[in-house]
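Encoded as structure tokens, the structure appears first; notes follow it.
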Amino acid sequence: MIEIRDLHKYFGDLHVLKGIDLDVQKGEVLSIIGASGSGKSTLLYCINALEPIQKGRVVVDGTDVHAKGTDINRLRQKLGMVFQQWNSFPHLTALENVALAPRIVKGKPKAEARDIASEQLRRVGLSDKINVYPSALSGGQQQRLAIARALAMEPEYMLFDEATSALDPELVGEVLDTMRLLAEEGMTMICVTHEMGFARDVSDRIAYFHQGVMEEIGPPQQLFGNPHSENTRKFLAKVR
Amino acid sequence: MFNYNFQWRPVWRSLPDLFEASLVTLQVAALAIVLGILVGLVLALVRMNMRGPARWIATAWVELARNTPVLFQLFFFGFGLGAFGWHLTPFTIVLVGLTFNSAGYLAENFRGGFNAIPDTQLRAARSLGMTAWQAYTRVVIPQVFRLVYHPITNQMVWAVLMSSLGMLVGFRELSGETQFLASRSYRIFEYFAVTAVIYFVIVKIILLVSRLLAMRLFRY
Ligand SMILES: Nc1ncnc2c1ncn2[C@@H]1O[C@H](COP(=O)(O)OP(=O)(O)O)[C@@H](O)[C@H]1O
Ligand SMILES: [Mg+2]
């Protein structure tokens with residue numbers, strides 16, 4: 001379970017997250033929507049400590065992420081992350097991309113890491129691309145590679161930061177399908193997304209962020225059908 | 001008019017000595033490049049990540065190495081330090097001088113290389129649980145290495161050619177040896193002509209080996 005309490009984040013004087021309170025249960029799929037600049041990405045970075053926080057707490061399965069003694073590299077193994085820019089490691093083949101972290105972070109033997117990697121590549125539909133370098137993959141394939149790479153660490157949570165925003169429209173579907181599959185398998189997911197259809201179909205809850213505040217959170221029917229907040233209403237009117 | 005009598009025989013007889021001296025040249029140049037890569041990498045990282053005296057020193061190093069004559073740099077480590085009672089052997093003078101110079105140039109190449117790798121690569125690596133060290137050594141530096149591979153090859157060529165300045169600090173590398181043999185036999189032109197060809201061949205071999213190695217190293 002991820003517990004976020006009164007989280008404040010500043011970049012210099014810029015107050016980017018203004019007291020976020022949020023719990024994400026095991027097995028839940030939460031989508032986060034909101035205008036660009038509202039702090040959605042920053043929240044994900046604060047959850048796996050890619051960004052430090054200035055006030056409040058993030059607790060993952062009882063471990064305070066930002067506490068001094070926390071072994072953050074160990075904690076991050078639980079928190080898979082997929083970025084907007086797909087970030088394949090260009091000097092490694094698809095298989096090596098996925099096998100690298102199991103090998104050097106988890107210390108798995110080479111053969112086992114390769115088995116894990118090919119299994120994950122199969123899961124995202126890239127079995128035929130095992131020995132290919134990322135430069136020969138489409139954006140959608142590279143993004144699925146990034147998902148496989150994160151899954152190879154056997155995370156308990158997956159954080160998706162606009163995983164489809166940088167893709168050509170015709171490639172969005174294959175990545176969303178992969179994410180859907182994960183959700184069906186029961187993965188706990190936090191998805192920052194602009195894909196309202198995906199958010200509606202897959203999410204247990206949707207949170208709307210507005211200028212660093214979590215303005216509203218609720219099940220899809222409620223948030224889309226009967227939003228409480230005027231800001232949410234305006235945002236939804238614009239994106240639909 | 002032109003009645004210089006070419007005599008090549010003394011040069012042919014000296015070929016074994018010249019080849020041996022070529023190995024000395026290659027050795028000092030290769031060592032200087034290996035050290036230059038390590039020191040250049042450190043200089044680049046210091047300039048990018050640190051403040052205060054460490055950064056000033058690194059910056060001064062790079063500026064001096066790139067903007068003063070190599071000969072002066074050698075003289076500094078030879079006669080300059082000698083004036084303070086610190087006497088280095090000719091080999092050490094050339095090695096230190098060339099390392100100083102190569103590190104300065106390579107530091108700038110490394111800096112450009114690091115800047116060309118998006119921050120997101122580091123973030124992606126860290127998000128997988130890699131330590132900063134693992135992320136740099138397994139993800140960032142291999143990519144930087146490809147970007148600086150050709151500059152390193154060029155620097156190696158430069159080091160071979162610049163090491164000829166060693167003869168001015170009494171180092172018997174290829175040029176020093178040539179000078180020594182030539183002045184003994186008075187066949188100055190013949191000796192230096194042959195040595196020029198040897199330098200040319202060495203450089204061509206370095207470029208060829210570098211190209212072959214690149215084909216093995218960089219499959220992507
Ligand atoms: N590294 C950073 N340094 C300074 N400001 C930043 C940085 N990252 C994000 N910001 C600012 O924080 C705010 C929230 O950004 P972000 O979390 O990326 O928003 P979103 O993902 O909702 O579009 C924006 O105003 C952005 O300019
Ligand atoms: Mg964002």
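Identifiers in this document derive from the order of the structure tokens: chains are assigned A, B, ..., residues are numbered from 1 separately in each chain, and ligands are numbered from 1 in order of occurrence.
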Contacts to ligand 2 at 12 Å cut-off (only C-alpha atoms and all ligand atoms) as a ChimeraX atom specification: /A:16,32-45,82-85,160-166,191-194,209
Close residues, segment 90-100 of chain B itself excluded, 8 Å, only C-alpha atoms, min 3 positions apart in chain, as a PyMOL selection string: chain B and resi 28-29+31-33+35-36+61+65+70+73-74+77-78+103-104+159+162-163+166+169-171
Chain B contacts to chain A at 12 Å (only C-alpha atoms) as number ranges by chain: B: 117-135, 137-147, 217-220
Residue set, segment 43-94 of chain A restricted to strand (DSSP E), as an MDAnalysis selection string: chainID A and resid 55:60 63:64 79:82
Nearby residues (only C-alpha atoms) at most 9 Å from segment 193-207 of chain B, same-chain spacing under 6 positions excluded, as an MDAnalysis selection string: chainID B and resid 11 18:19 22 26 153:154 156:157 160:161 174:175 178
Write the residues of the selection above to a file with N, CA and C atoms, as a PDB file, in the first residue's frame.
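Once written, out-v1.pdb looks like this:
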ATOM      1  N   VAL B  11      70.912   4.214 -43.180  1.00  0.00           N
ATOM      2  CA  VAL B  11      69.559   4.194 -42.640  1.00  0.00           C
ATOM      3  C   VAL B  11      69.049   2.758 -42.583  1.00  0.00           C
ATOM      4  N   LEU B  18      65.535   1.889 -35.277  1.00  0.00           N
ATOM      5  CA  LEU B  18      64.383   2.765 -35.475  1.00  0.00           C
ATOM      6  C   LEU B  18      63.088   2.060 -35.077  1.00  0.00           C
ATOM      7  N   PHE B  19      62.994   0.774 -35.395  1.00  0.00           N
ATOM      8  CA  PHE B  19      61.788   0.043 -34.994  1.00  0.00           C
ATOM      9  C   PHE B  19      61.674  -0.048 -33.480  1.00  0.00           C
ATOM     10  N   SER B  22      60.446   3.063 -32.333  1.00  0.00           N
ATOM     11  CA  SER B  22      59.016   3.209 -32.628  1.00  0.00           C
ATOM     12  C   SER B  22      58.183   2.619 -31.501  1.00  0.00           C
ATOM     13  N   LEU B  26      55.311   4.343 -29.364  1.00  0.00           N
ATOM     14  CA  LEU B  26      53.967   3.791 -29.187  1.00  0.00           C
ATOM     15  C   LEU B  26      53.643   3.596 -27.719  1.00  0.00           C
ATOM     16  N   THR B 153      40.576   8.289 -30.626  1.00  0.00           N
ATOM     17  CA  THR B 153      41.473   7.831 -31.699  1.00  0.00           C
ATOM     18  C   THR B 153      42.327   8.989 -32.206  1.00  0.00           C
ATOM     19  N   ASN B 154      41.692  10.129 -32.452  1.00  0.00           N
ATOM     20  CA  ASN B 154      42.442  11.291 -32.926  1.00  0.00           C
ATOM     21  C   ASN B 154      43.508  11.701 -31.923  1.00  0.00           C
ATOM     22  N   MET B 156      44.986   9.821 -29.793  1.00  0.00           N
ATOM     23  CA  MET B 156      46.070   8.832 -29.838  1.00  0.00           C
ATOM     24  C   MET B 156      47.040   9.167 -30.973  1.00  0.00           C
ATOM     25  N   VAL B 157      46.479   9.537 -32.126  1.00  0.00           N
ATOM     26  CA  VAL B 157      47.329   9.929 -33.257  1.00  0.00           C
ATOM     27  C   VAL B 157      48.158  11.148 -32.885  1.00  0.00           C
ATOM     28  N   VAL B 160      51.043  10.277 -30.590  1.00  0.00           N
ATOM     29  CA  VAL B 160      52.179   9.688 -31.305  1.00  0.00           C
ATOM     30  C   VAL B 160      53.006  10.789 -31.967  1.00  0.00           C
ATOM     31  N   LEU B 161      52.321  11.702 -32.640  1.00  0.00           N
ATOM     32  CA  LEU B 161      53.051  12.745 -33.366  1.00  0.00           C
ATOM     33  C   LEU B 161      53.710  13.742 -32.406  1.00  0.00           C
ATOM     34  N   LEU B 174      61.261   7.728 -31.148  1.00  0.00           N
ATOM     35  CA  LEU B 174      61.569   7.611 -32.574  1.00  0.00           C
ATOM     36  C   LEU B 174      62.326   8.826 -33.121  1.00  0.00           C
ATOM     37  N   SER B 175      61.884  10.014 -32.793  1.00  0.00           N
ATOM     38  CA  SER B 175      62.557  11.211 -33.308  1.00  0.00           C
ATOM     39  C   SER B 175      63.913  11.421 -32.643  1.00  0.00           C
ATOM     40  N   THR B 178      66.261   9.018 -34.115  1.00  0.00           N
ATOM     41  CA  THR B 178      66.592   9.422 -35.485  1.00  0.00           C
ATOM     42  C   THR B 178      67.643  10.540 -35.466  1.00  0.00           C
TER      43      THR B 178
END
Exercise: Asn226 of chain A partners within 12 Å, only C-alpha atoms, chain neighbours under 6 positions left out, as a list in words: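 Selected residues are Glu216, Ile217, Gly218, Pro219, Pro220, Thr232, Arg233 and Leu236 of chain A.
The nearest approach to Asp23 of chain A among the residues A:Val239, A:Met179, A:Ala207, A:Ala148, with only C-alpha atoms taken into account, belongs to A:Ala207.
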